[in-house]
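> Dropping in entry00.pdb, which is PDB, C-alpha atoms:
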ATOM      1  CA  MET A 265      86.942  60.503  85.718  1.00  0.00           C
ATOM      2  CA  THR A 266      86.421  59.199  89.229  1.00  0.00           C
ATOM      3  CA  PHE A 267      87.503  61.078  92.330  1.00  0.00           C
ATOM      4  CA  GLN A 268      90.110  58.392  92.965  1.00  0.00           C
ATOM      5  CA  GLU A 269      91.588  58.943  89.507  1.00  0.00           C
ATOM      6  CA  PHE A 270      91.559  62.696  90.094  1.00  0.00           C
ATOM      7  CA  LEU A 271      93.547  62.279  93.324  1.00  0.00           C
ATOM      8  CA  HIS A 272      95.952  59.855  91.657  1.00  0.00           C
ATOM      9  CA  ILE A 273      96.775  62.325  88.882  1.00  0.00           C
ATOM     10  CA  SER A 274      96.812  65.352  91.204  1.00  0.00           C
ATOM     11  CA  PHE A 275      99.393  63.704  93.426  1.00  0.00           C
ATOM     12  CA  SER A 276     101.455  62.008  90.775  1.00  0.00           C
ATOM     13  CA  PRO A 277     105.261  62.474  91.117  1.00  0.00           C
ATOM     14  CA  VAL A 278     105.095  65.520  88.844  1.00  0.00           C
ATOM     15  CA  ASN A 279     101.937  67.177  90.163  1.00  0.00           C
ATOM     16  CA  THR A 280     102.418  66.634  93.896  1.00  0.00           C
ATOM     17  CA  VAL A 281     104.460  69.805  94.471  1.00  0.00           C
ATOM     18  CA  LEU A 282     102.041  71.914  92.411  1.00  0.00           C
ATOM     19  CA  SER A 283      99.032  70.420  94.222  1.00  0.00           C
ATOM     20  CA  VAL A 284     100.543  71.070  97.658  1.00  0.00           C
ATOM     21  CA  LEU A 285     101.418  74.669  96.725  1.00  0.00           C
ATOM     22  CA  LEU A 286      97.888  75.202  95.407  1.00  0.00           C
ATOM     23  CA  ILE A 287      96.385  73.800  98.604  1.00  0.00           C
ATOM     24  CA  LEU A 288      98.594  76.127 100.682  1.00  0.00           C
ATOM     25  CA  ALA A 289      97.505  79.073  98.511  1.00  0.00           C
ATOM     26  CA  VAL A 290      93.843  78.204  99.085  1.00  0.00           C
ATOM     27  CA  ILE A 291      94.448  77.942 102.851  1.00  0.00           C
ATOM     28  CA  TYR A 292      96.223  81.319 102.764  1.00  0.00           C
ATOM     29  CA  TRP A 293      93.316  83.022 101.026  1.00  0.00           C
ATOM     30  CA  LEU A 294      90.721  81.357 103.257  1.00  0.00           C
ATOM     31  CA  PHE A 295      92.652  82.495 106.328  1.00  0.00           C
ATOM     32  CA  THR A 296      92.966  86.003 104.876  1.00  0.00           C
ATOM     33  CA  ILE A 297      89.245  86.211 104.091  1.00  0.00           C
ATOM     34  CA  ILE A 298      88.168  84.856 107.478  1.00  0.00           C
ATOM     35  CA  THR A 299      90.553  86.833 109.678  1.00  0.00           C
ATOM     36  CA  GLY A 300      91.159  89.882 107.530  1.00  0.00           C
ATOM     37  CA  LEU A 301      94.886  89.532 108.165  1.00  0.00           C
ATOM     38  CA  ASP A 302      97.501  89.932 105.445  1.00  0.00           C
ATOM     39  CA  ILE A 303     100.328  87.439 105.924  1.00  0.00           C
ATOM     40  CA  ASP A 304     103.744  88.632 104.858  1.00  0.00           C
ATOM     41  CA  ILE A 305     105.109  86.007 102.461  1.00  0.00           C
ATOM     42  CA  GLY A 306     108.068  88.054 101.242  1.00  0.00           C
ATOM     43  CA  ILE A 307     111.439  86.451 100.600  1.00  0.00           C
ATOM     44  CA  ASP A 308     114.618  88.249 101.546  1.00  0.00           C
ATOM     45  CA  ALA A 309     115.832  89.841  98.359  1.00  0.00           C
ATOM     46  CA  ASP A 310     119.091  91.172  97.117  1.00  0.00           C
ATOM     47  CA  PHE A 311     118.445  91.939  93.462  1.00  0.00           C
ATOM     48  CA  ASP A 312     121.719  90.425  92.336  1.00  0.00           C
ATOM     49  CA  THR A 313     120.695  86.966  93.466  1.00  0.00           C
ATOM     50  CA  ASP A 314     117.254  86.629  95.010  1.00  0.00           C
ATOM     51  CA  VAL A 315     113.621  87.490  94.503  1.00  0.00           C
ATOM     52  CA  ASP A 316     111.267  89.419  96.760  1.00  0.00           C
ATOM     53  CA  ALA A 317     107.532  88.873  96.629  1.00  0.00           C
ATOM     54  CA  PRO A 318     105.669  91.597  98.459  1.00  0.00           C
ATOM     55  CA  ASP A 319     101.909  91.635  98.448  1.00  0.00           C
ATOM     56  CA  GLY A 320     101.437  95.276  97.407  1.00  0.00           C
ATOM     57  CA  GLN A 321     102.132  96.936  94.119  1.00  0.00           C
ATOM     58  CA  ILE A 322     105.744  97.520  93.028  1.00  0.00           C
ATOM     59  CA  HIS A 323     106.837 101.008  92.006  1.00  0.00           C
ATOM     60  CA  VAL A 324     109.296 100.375  89.165  1.00  0.00           C
ATOM     61  CA  THR A 325     111.911 102.854  88.006  1.00  0.00           C
ATOM     62  CA  ASP A 326     113.135 103.237  84.445  1.00  0.00           C
ATOM     63  CA  SER A 327     116.670 102.346  85.555  1.00  0.00           C
ATOM     64  CA  SER A 328     115.721  99.184  87.413  1.00  0.00           C
ATOM     65  CA  SER A 329     117.168  95.770  86.646  1.00  0.00           C
ATOM     66  CA  ASP A 330     115.854  93.534  83.870  1.00  0.00           C
ATOM     67  CA  PHE A 331     114.066  91.422  86.478  1.00  0.00           C
ATOM     68  CA  ILE A 332     112.186  94.430  87.859  1.00  0.00           C
ATOM     69  CA  GLN A 333     111.303  95.517  84.329  1.00  0.00           C
ATOM     70  CA  PHE A 334     109.944  91.995  83.744  1.00  0.00           C
ATOM     71  CA  LEU A 335     107.715  92.452  86.817  1.00  0.00           C
ATOM     72  CA  LYS A 336     106.468  95.687  85.270  1.00  0.00           C
ATOM     73  CA  PHE A 337     105.760  93.855  81.996  1.00  0.00           C
ATOM     74  CA  LEU A 338     103.552  91.492  83.996  1.00  0.00           C
ATOM     75  CA  ASN A 339     101.767  94.534  85.505  1.00  0.00           C
ATOM     76  CA  LEU A 340     103.036  93.691  88.983  1.00  0.00           C
ATOM     77  CA  ASP A 341     103.521  97.399  89.614  1.00  0.00           C
ATOM     78  CA  ILE A 342      99.699  97.456  89.670  1.00  0.00           C
ATOM     79  CA  VAL A 343      98.446  93.948  90.495  1.00  0.00           C
ATOM     80  CA  PRO A 344      99.237  92.547  93.980  1.00  0.00           C
ATOM     81  CA  ILE A 345     101.767  89.784  93.462  1.00  0.00           C
ATOM     82  CA  SER A 346      99.985  87.319  95.766  1.00  0.00           C
ATOM     83  CA  TYR A 347      96.892  87.424  93.524  1.00  0.00           C
ATOM     84  CA  PHE A 348      99.007  87.048  90.423  1.00  0.00           C
ATOM     85  CA  LEU A 349     101.057  84.097  91.689  1.00  0.00           C
ATOM     86  CA  THR A 350      97.997  82.243  92.972  1.00  0.00           C
ATOM     87  CA  ILE A 351      96.251  82.430  89.594  1.00  0.00           C
ATOM     88  CA  ALA A 352      99.455  81.597  87.677  1.00  0.00           C
ATOM     89  CA  LEU A 353      99.998  78.598  89.954  1.00  0.00           C
ATOM     90  CA  PHE A 354      96.451  77.394  89.280  1.00  0.00           C
ATOM     91  CA  PHE A 355      96.940  77.575  85.507  1.00  0.00           C
ATOM     92  CA  THR A 356     100.284  75.774  85.798  1.00  0.00           C
ATOM     93  CA  TRP A 357      98.684  73.014  87.856  1.00  0.00           C
ATOM     94  CA  LEU A 358      95.749  72.778  85.431  1.00  0.00           C
ATOM     95  CA  GLY A 359      98.040  72.478  82.414  1.00  0.00           C
ATOM     96  CA  SER A 360     100.222  69.866  84.077  1.00  0.00           C
ATOM     97  CA  PHE A 361      97.124  67.937  85.175  1.00  0.00           C
ATOM     98  CA  TYR A 362      95.691  67.694  81.666  1.00  0.00           C
ATOM     99  CA  VAL A 363      99.037  66.815  80.121  1.00  0.00           C
ATOM    100  CA  GLU A 364      99.091  63.863  82.512  1.00  0.00           C
ATOM    101  CA  VAL A 365      95.482  62.937  81.655  1.00  0.00           C
ATOM    102  CA  TYR A 366      95.755  63.028  77.877  1.00  0.00           C
ATOM    103  CA  PHE A 367      99.408  62.197  77.186  1.00  0.00           C
ATOM    104  CA  SER A 368     100.787  60.334  80.226  1.00  0.00           C
ATOM    105  CA  PRO A 369     104.390  61.236  79.271  1.00  0.00           C
ATOM    106  CA  GLU A 370     107.523  59.817  80.809  1.00  0.00           C
ATOM    107  CA  LEU A 371     108.433  61.319  84.180  1.00  0.00           C
ATOM    108  CA  TRP A 372     111.365  63.399  82.907  1.00  0.00           C
ATOM    109  CA  ILE A 373     109.298  64.762  80.016  1.00  0.00           C
ATOM    110  CA  ALA A 374     106.442  65.638  82.369  1.00  0.00           C
ATOM    111  CA  VAL A 375     108.871  67.493  84.659  1.00  0.00           C
ATOM    112  CA  LEU A 376     110.237  69.495  81.736  1.00  0.00           C
ATOM    113  CA  THR A 377     106.741  70.510  80.626  1.00  0.00           C
ATOM    114  CA  VAL A 378     106.103  72.207  83.986  1.00  0.00           C
ATOM    115  CA  PHE A 379     108.453  75.088  83.104  1.00  0.00           C
ATOM    116  CA  PRO A 380     106.743  76.115  79.835  1.00  0.00           C
ATOM    117  CA  MET A 381     103.404  75.572  81.596  1.00  0.00           C
ATOM    118  CA  PHE A 382     104.437  78.085  84.247  1.00  0.00           C
ATOM    119  CA  LEU A 383     105.534  80.624  81.627  1.00  0.00           C
ATOM    120  CA  LEU A 384     102.256  80.196  79.771  1.00  0.00           C
ATOM    121  CA  GLY A 385     100.459  80.447  83.110  1.00  0.00           C
ATOM    122  CA  ILE A 386     101.957  83.814  84.006  1.00  0.00           C
ATOM    123  CA  LEU A 387     101.334  85.184  80.511  1.00  0.00           C
ATOM    124  CA  PHE A 388      97.724  84.023  80.574  1.00  0.00           C
ATOM    125  CA  THR A 389      97.337  85.499  84.074  1.00  0.00           C
ATOM    126  CA  LYS A 390      98.644  88.835  82.769  1.00  0.00           C
ATOM    127  CA  LEU A 391      96.015  88.819  80.021  1.00  0.00           C
ATOM    128  CA  LEU A 392      93.268  87.654  82.380  1.00  0.00           C
ATOM    129  CA  LEU A 393      93.935  90.393  84.947  1.00  0.00           C
ATOM    130  CA  LYS A 394      94.564  93.200  82.447  1.00  0.00           C
ATOM    131  CA  PRO A 395      90.903  94.358  82.406  1.00  0.00           C
ATOM    132  CA  LEU A 396      91.109  94.662  86.209  1.00  0.00           C
ATOM    133  CA  ASN A 397      94.197  96.910  86.182  1.00  0.00           C
ATOM    134  CA  PRO A 398      92.163 100.122  86.684  1.00  0.00           C
ATOM    135  CA  PHE A 399      90.506  98.529  89.717  1.00  0.00           C
ATOM    136  CA  PHE A 400      93.824  97.419  91.237  1.00  0.00           C
ATOM    137  CA  ARG A 401      95.381 100.803  90.469  1.00  0.00           C
ATOM    138  CA  GLU A 402      92.563 102.530  92.331  1.00  0.00           C
ATOM    139  CA  ILE A 403      92.652 100.351  95.449  1.00  0.00           C
ATOM    140  CA  ASN A 404      96.457 100.429  95.576  1.00  0.00           C
ATOM    141  CA  HIS A 405      97.062 104.134  95.204  1.00  0.00           C
ATOM    142  CA  LYS A 406      94.148 105.460  97.269  1.00  0.00           C
ATOM    143  CA  GLY A 407      94.851 108.889  95.805  1.00  0.00           C
ATOM    144  CA  GLU A 408      98.097 109.174  97.757  1.00  0.00           C
ATOM    145  CA  LYS A 409     100.529 111.786  96.399  1.00  0.00           C
ATOM    146  CA  PRO A 410     104.224 110.879  96.071  1.00  0.00           C
ATOM    147  CA  HIS A 411     105.418 113.655  98.382  1.00  0.00           C
ATOM    148  CA  ASP A 412     103.234 112.267 101.168  1.00  0.00           C
ATOM    149  CA  PHE A 413     105.705 109.389 101.549  1.00  0.00           C
ATOM    150  CA  LEU A 414     108.461 111.663 102.824  1.00  0.00           C
ATOM    151  CA  GLY A 415     109.035 111.157 106.526  1.00  0.00           C
ATOM    152  CA  ARG A 416     107.099 107.909 106.616  1.00  0.00           C
ATOM    153  CA  GLU A 417     108.529 104.838 108.297  1.00  0.00           C
ATOM    154  CA  GLY A 418     108.567 101.461 106.590  1.00  0.00           C
ATOM    155  CA  ARG A 419     110.190  98.054 106.637  1.00  0.00           C
ATOM    156  CA  MET A 420     112.737  96.922 104.070  1.00  0.00           C
ATOM    157  CA  LYS A 421     111.690  93.962 101.960  1.00  0.00           C
ATOM    158  CA  SER A 422     115.156  93.598 100.469  1.00  0.00           C
ATOM    159  CA  THR A 423     118.771  94.366 101.320  1.00  0.00           C
ATOM    160  CA  ILE A 424     120.305  97.489  99.788  1.00  0.00           C
ATOM    161  CA  HIS A 425     123.720  99.135  99.780  1.00  0.00           C
ATOM    162  CA  GLY A 426     125.643 101.546  97.600  1.00  0.00           C
ATOM    163  CA  ASP A 427     123.556 102.463  94.550  1.00  0.00           C
ATOM    164  CA  LYS A 428     121.459  99.295  94.666  1.00  0.00           C
ATOM    165  CA  THR A 429     117.691  99.658  94.353  1.00  0.00           C
ATOM    166  CA  GLY A 430     115.466  97.704  96.720  1.00  0.00           C
ATOM    167  CA  ILE A 431     111.888  97.437  97.938  1.00  0.00           C
ATOM    168  CA  LEU A 432     110.358  99.161 100.960  1.00  0.00           C
ATOM    169  CA  GLU A 433     106.931  98.371 102.400  1.00  0.00           C
ATOM    170  CA  VAL A 434     104.977 101.245 103.934  1.00  0.00           C
ATOM    171  CA  PHE A 435     101.398 101.433 105.162  1.00  0.00           C
ATOM    172  CA  ILE A 436      98.950 104.124 104.106  1.00  0.00           C
ATOM    173  CA  GLY A 437      96.332 103.619 106.776  1.00  0.00           C
ATOM    174  CA  SER A 438      95.864  99.859 106.713  1.00  0.00           C
ATOM    175  CA  ASP A 439      96.888  99.480 103.070  1.00  0.00           C
ATOM    176  CA  PRO A 440     100.374  98.100 102.306  1.00  0.00           C
ATOM    177  CA  MET A 441     102.332  99.768  99.514  1.00  0.00           C
ATOM    178  CA  THR A 442     105.782  99.000  98.161  1.00  0.00           C
ATOM    179  CA  LEU A 443     108.230 101.620  96.922  1.00  0.00           C
ATOM    180  CA  MET A 444     111.516 101.424  95.094  1.00  0.00           C
ATOM    181  CA  VAL A 445     114.218 102.874  97.363  1.00  0.00           C
ATOM    182  CA  LYS A 446     117.960 103.442  97.667  1.00  0.00           C
ATOM    183  CA  SER A 447     120.159 103.961 100.694  1.00  0.00           C
ATOM    184  CA  LYS A 448     120.634 107.692 101.301  1.00  0.00           C
ATOM    185  CA  ASP A 449     124.326 107.447 102.260  1.00  0.00           C
ATOM    186  CA  GLY A 450     125.066 104.171 100.496  1.00  0.00           C
ATOM    187  CA  GLU A 451     125.202 102.304 103.815  1.00  0.00           C
ATOM    188  CA  LYS A 452     124.059  98.685 103.883  1.00  0.00           C
ATOM    189  CA  ILE A 453     120.503  98.281 105.127  1.00  0.00           C
ATOM    190  CA  GLU A 454     119.380  94.719 105.763  1.00  0.00           C
ATOM    191  CA  HIS A 455     116.054  93.107 104.894  1.00  0.00           C
ATOM    192  CA  GLY A 456     113.524  93.664 107.680  1.00  0.00           C
ATOM    193  CA  THR A 457     115.130  96.880 108.965  1.00  0.00           C
ATOM    194  CA  LYS A 458     112.820  99.756 109.837  1.00  0.00           C
ATOM    195  CA  VAL A 459     113.822 102.876 107.923  1.00  0.00           C
ATOM    196  CA  ILE A 460     112.599 106.405 107.286  1.00  0.00           C
ATOM    197  CA  ILE A 461     111.999 107.930 103.858  1.00  0.00           C
ATOM    198  CA  VAL A 462     114.228 110.989 103.944  1.00  0.00           C
ATOM    199  CA  ASP A 463     114.371 112.159 100.329  1.00  0.00           C
ATOM    200  CA  GLU A 464     113.137 111.407  96.824  1.00  0.00           C
ATOM    201  CA  ASP A 465     114.561 111.310  93.344  1.00  0.00           C
ATOM    202  CA  PRO A 466     113.948 114.612  91.496  1.00  0.00           C
ATOM    203  CA  GLN A 467     111.818 112.744  88.971  1.00  0.00           C
ATOM    204  CA  ARG A 468     110.101 110.774  91.765  1.00  0.00           C
ATOM    205  CA  LYS A 469     111.198 107.446  90.334  1.00  0.00           C
ATOM    206  CA  PHE A 470     112.486 106.199  93.692  1.00  0.00           C
ATOM    207  CA  TYR A 471     112.995 107.327  97.285  1.00  0.00           C
ATOM    208  CA  TYR A 472     116.003 107.543  99.593  1.00  0.00           C
ATOM    209  CA  VAL A 473     115.860 105.889 102.996  1.00  0.00           C
ATOM    210  CA  ALA A 474     117.967 105.905 106.146  1.00  0.00           C
ATOM    211  CA  THR A 475     117.814 104.118 109.468  1.00  0.00           C
ATOM    212  CA  GLU A 476     117.642 107.472 111.234  1.00  0.00           C
ATOM    213  CA  ILE A 477     117.284 111.127 110.350  1.00  0.00           C
ATOM    214  CA  ARG A 478     120.596 112.987 110.519  1.00  0.00           C
ATOM    215  CA  PHE A 479     120.577 116.732 111.043  1.00  0.00           C
ATOM    216  CA  LEU A 480     123.376 118.997 109.865  1.00  0.00           C
ATOM    217  CA  ASN A 481     125.111 121.065 112.557  1.00  0.00           C
TER     218      ASN A 481
END
Let me see whether you can do it: turn the structure in this file into structure tokens.

Amino acid sequence: MTFQEFLHISFSPVNTVLSVLLILAVIYWLFTIITGLDIDIGIDADFDTDVDAPDGQIHVTDSSSDFIQFLKFLNLDIVPISYFLTIALFFTWLGSFYVEVYFSPELWIAVLTVFPMFLLGILFTKLLLKPLNPFFREINHKGEKPHDFLGREGRMKSTIHGDKTGILEVFIGSDPMTLMVKSKDGEKIEHGTKVIIVDEDPQRKFYYVATEIRFLN
């Protein structure tokens, strides 16, 4: 295969989006390696409708939604999601590329194959990263005890209200960590709001947050 043929297949109508996303992922990691900065690529999330993608590990509760439990199945409570998505995207692109090379299907068929390719990609990524779970667990937790989070300030990575569970990002030193949290008084707390961890679930499955500490008279 010539380089010209490689480019033609990589930027075919089906593969163009995947190729561009992969190029952006490579640029992101190069920038991260060179500068040492961690770019926040989270998406505003309300768990009824949207998805949040924080870079740290996700602390998942037993009572979380099916989507959060699916993240746990993929080990995203241990593996940083940016690593996981980059590798899954690469496998999706690779599968779509070789389908185009060997089968040259009709456009609509090629588009439909991207979805099972992505599912296979994330499953293969889960298996590929599984041996590294102890390593990720070690660098993510840093030996931090759950009670040490009380009183810490963080930034919401999702919108919460009532009894809804959301994601909070806190920093332990320079290391980002994500916790499952609920609003202490049920008030609505928007994505991006700075909050304080004021309490924790008795079983330490999630934490309660508030925009300010309220003292009883």
> Do you know which residues the PyMOL selection byres ((chain A and resi 427) around 9) returns on this file, as a ChimeraX atom specification?
/A:424-426,428-429,446-447,450
> Taking all atoms listed in the file into account, which of A:Ile342, A:Leu393, A:Val375, A:Leu335 comes nearest Thr280 of chain A?
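With all atoms listed in the file as the atom set, the closest residue is A:Val375.
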> Step by step, work through what the PyMOL selection byres ((chain A and resi 394) around 12) selects in the shown file, and finish by giving those residues as an MDAnalysis selection string.
chainID A and resid 337:340 342:343 348 387:393 395:401
> Please measure the separation of atom CA of Leu384 of chain A and atom CA of Thr356 of chain A, giving the value in Å to one decimal.
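Straight-line distance from atom CA of Leu384 of chain A to atom CA of Thr356 of chain A works out to 7.7 Å.
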> Written as number ranges by chain, which residues does the PyMOL selection byres ((chain A and resi 414) around 10) give for the file shown?
A: 410-413, 415-417, 460-464, 471-473
> Using atom CA of Glu370 of chain A and atom CA of Leu286 of chain A as the two end points, give the distance in Å to one decimal.
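Atom-to-atom, atom CA of Glu370 of chain A to atom CA of Leu286 of chain A, that is 23.3 Å.
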> Between atom CA of Glu451 of chain A and atom CA of Ala474 of chain A, what distance in Å does the model show, to one decimal?
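Atom CA of Glu451 of chain A sits 8.4 Å away from atom CA of Ala474 of chain A.
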> Given the choices A:Val290, A:Ile431, A:Leu376, A:Ile332, which gets closest to Phe354 of chain A if the distance is worked out from all atoms listed in the file?
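Checking each candidate against Phe354 of chain A, we get A:Val290 as the closest.
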> So that I can check the surroundings of Met381 of chain A, please list as a list in words every protein, DNA and RNA residue that reaches within 10 Å of it, counting all atoms listed in the file and ignoring chain neighbours fewer than 2 positions away.
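My list of contacting residues is Ala352, Leu353, Phe355, Thr356, Trp357, Leu358, Gly359, Ser360, Val363, Leu376, Thr377, Val378, Phe379, Leu383, Leu384, Gly385, Ile386 and Leu387 of chain A.
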> Keeping C-alpha atoms for every residue in the selection just given, could you write it to a file as a PDB file, in the frame of the given file?

ATOM      1  CA  ALA A 352      99.455  81.597  87.677  1.00  0.00           C
ATOM      2  CA  LEU A 353      99.998  78.598  89.954  1.00  0.00           C
ATOM      3  CA  PHE A 355      96.940  77.575  85.507  1.00  0.00           C
ATOM      4  CA  THR A 356     100.284  75.774  85.798  1.00  0.00           C
ATOM      5  CA  TRP A 357      98.684  73.014  87.856  1.00  0.00           C
ATOM      6  CA  LEU A 358      95.749  72.778  85.431  1.00  0.00           C
ATOM      7  CA  GLY A 359      98.040  72.478  82.414  1.00  0.00           C
ATOM      8  CA  SER A 360     100.222  69.866  84.077  1.00  0.00           C
ATOM      9  CA  VAL A 363      99.037  66.815  80.121  1.00  0.00           C
ATOM     10  CA  LEU A 376     110.237  69.495  81.736  1.00  0.00           C
ATOM     11  CA  THR A 377     106.741  70.510  80.626  1.00  0.00           C
ATOM     12  CA  VAL A 378     106.103  72.207  83.986  1.00  0.00           C
ATOM     13  CA  PHE A 379     108.453  75.088  83.104  1.00  0.00           C
ATOM     14  CA  LEU A 383     105.534  80.624  81.627  1.00  0.00           C
ATOM     15  CA  LEU A 384     102.256  80.196  79.771  1.00  0.00           C
ATOM     16  CA  GLY A 385     100.459  80.447  83.110  1.00  0.00           C
ATOM     17  CA  ILE A 386     101.957  83.814  84.006  1.00  0.00           C
ATOM     18  CA  LEU A 387     101.334  85.184  80.511  1.00  0.00           C
TER      19      LEU A 387
END
> Near Leu271 of chain A, within 12 Å and counting all atoms listed in the file, which residues show up once chain neighbours fewer than 4 positions away are dropped, as a list in words?
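Within the cut-off, the hits are Met265, Thr266, Phe267, Phe275, Ser276, Pro277, Asn279, Thr280, Ser283, Phe361 and Val365 of chain A.
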> With distances taken over all atoms listed in the file, which of A:Val459, A:Ile436, A:Val284, A:Leu443 is nearest to Gly418 of chain A?
A:Val459
> So that I can see what lies close to Leu432 of chain A, please list as a PyMOL selection string the residues with an atom at most 7 Å from it, counting all atoms listed in the file and leaving out residues fewer than 5 positions away in the same chain.
chain A and resi 418-421+442-445
> Output C-alpha atoms of each residue in that selection to a file, as a CSV table (one decimal), in the frame of the given file.

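Written file, selection30.csv:
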chain,number,residue,atom,x,y,z
A,418,GLY,CA,108.6,101.5,106.6
A,419,ARG,CA,110.2,98.1,106.6
A,420,MET,CA,112.7,96.9,104.1
A,421,LYS,CA,111.7,94.0,102.0
A,442,THR,CA,105.8,99.0,98.2
A,443,LEU,CA,108.2,101.6,96.9
A,444,MET,CA,111.5,101.4,95.1
A,445,VAL,CA,114.2,102.9,97.4
> Can I get segment 423-430 of chain A with all heavy atoms filled in, as a compact mmCIF listing (two decimals), in the coordinates of the input?

# COMPACT_ATOMS: atom_id res chain seq x y z
N THR A 423 117.53 93.78 100.81
CA THR A 423 118.77 94.37 101.32
C THR A 423 119.36 95.32 100.28
O THR A 423 119.44 94.98 99.10
CB THR A 423 119.80 93.26 101.65
OG1 THR A 423 119.25 92.41 102.67
CG2 THR A 423 121.11 93.86 102.15
N ILE A 424 119.73 96.51 100.71
CA ILE A 424 120.30 97.49 99.79
C ILE A 424 121.63 98.02 100.33
O ILE A 424 121.87 98.00 101.53
CB ILE A 424 119.35 98.67 99.53
CG1 ILE A 424 118.99 99.37 100.86
CG2 ILE A 424 118.10 98.22 98.81
CD1 ILE A 424 118.16 100.62 100.67
N HIS A 425 122.47 98.47 99.43
CA HIS A 425 123.72 99.14 99.78
C HIS A 425 124.26 99.83 98.53
O HIS A 425 123.90 99.47 97.41
CB HIS A 425 124.75 98.14 100.33
CG HIS A 425 125.06 97.02 99.39
ND1 HIS A 425 125.97 97.13 98.36
CD2 HIS A 425 124.55 95.76 99.31
CE1 HIS A 425 126.03 95.98 97.70
NE2 HIS A 425 125.17 95.12 98.25
N GLY A 426 125.11 100.82 98.74
CA GLY A 426 125.64 101.55 97.60
C GLY A 426 124.54 102.17 96.77
O GLY A 426 123.66 102.86 97.29
N ASP A 427 124.55 101.90 95.47
CA ASP A 427 123.56 102.46 94.55
C ASP A 427 122.47 101.45 94.20
O ASP A 427 121.72 101.63 93.25
CB ASP A 427 124.25 102.95 93.27
CG ASP A 427 123.38 103.93 92.49
OD1 ASP A 427 122.78 104.81 93.12
OD2 ASP A 427 123.30 103.80 91.25
N LYS A 428 122.42 100.37 94.96
CA LYS A 428 121.46 99.30 94.67
C LYS A 428 120.04 99.73 95.01
O LYS A 428 119.79 100.38 96.02
CB LYS A 428 121.82 98.04 95.46
CG LYS A 428 120.94 96.84 95.12
CD LYS A 428 121.37 95.62 95.92
CE LYS A 428 122.77 95.20 95.50
NZ LYS A 428 122.80 94.76 94.08
N THR A 429 119.11 99.36 94.14
CA THR A 429 117.69 99.66 94.35
C THR A 429 117.02 98.47 95.04
O THR A 429 117.27 97.33 94.69
CB THR A 429 116.99 99.95 93.02
OG1 THR A 429 117.64 101.04 92.36
CG2 THR A 429 115.52 100.30 93.23
N GLY A 430 116.18 98.76 96.01
CA GLY A 430 115.47 97.70 96.72
C GLY A 430 114.01 98.07 96.93
O GLY A 430 113.51 99.06 96.40
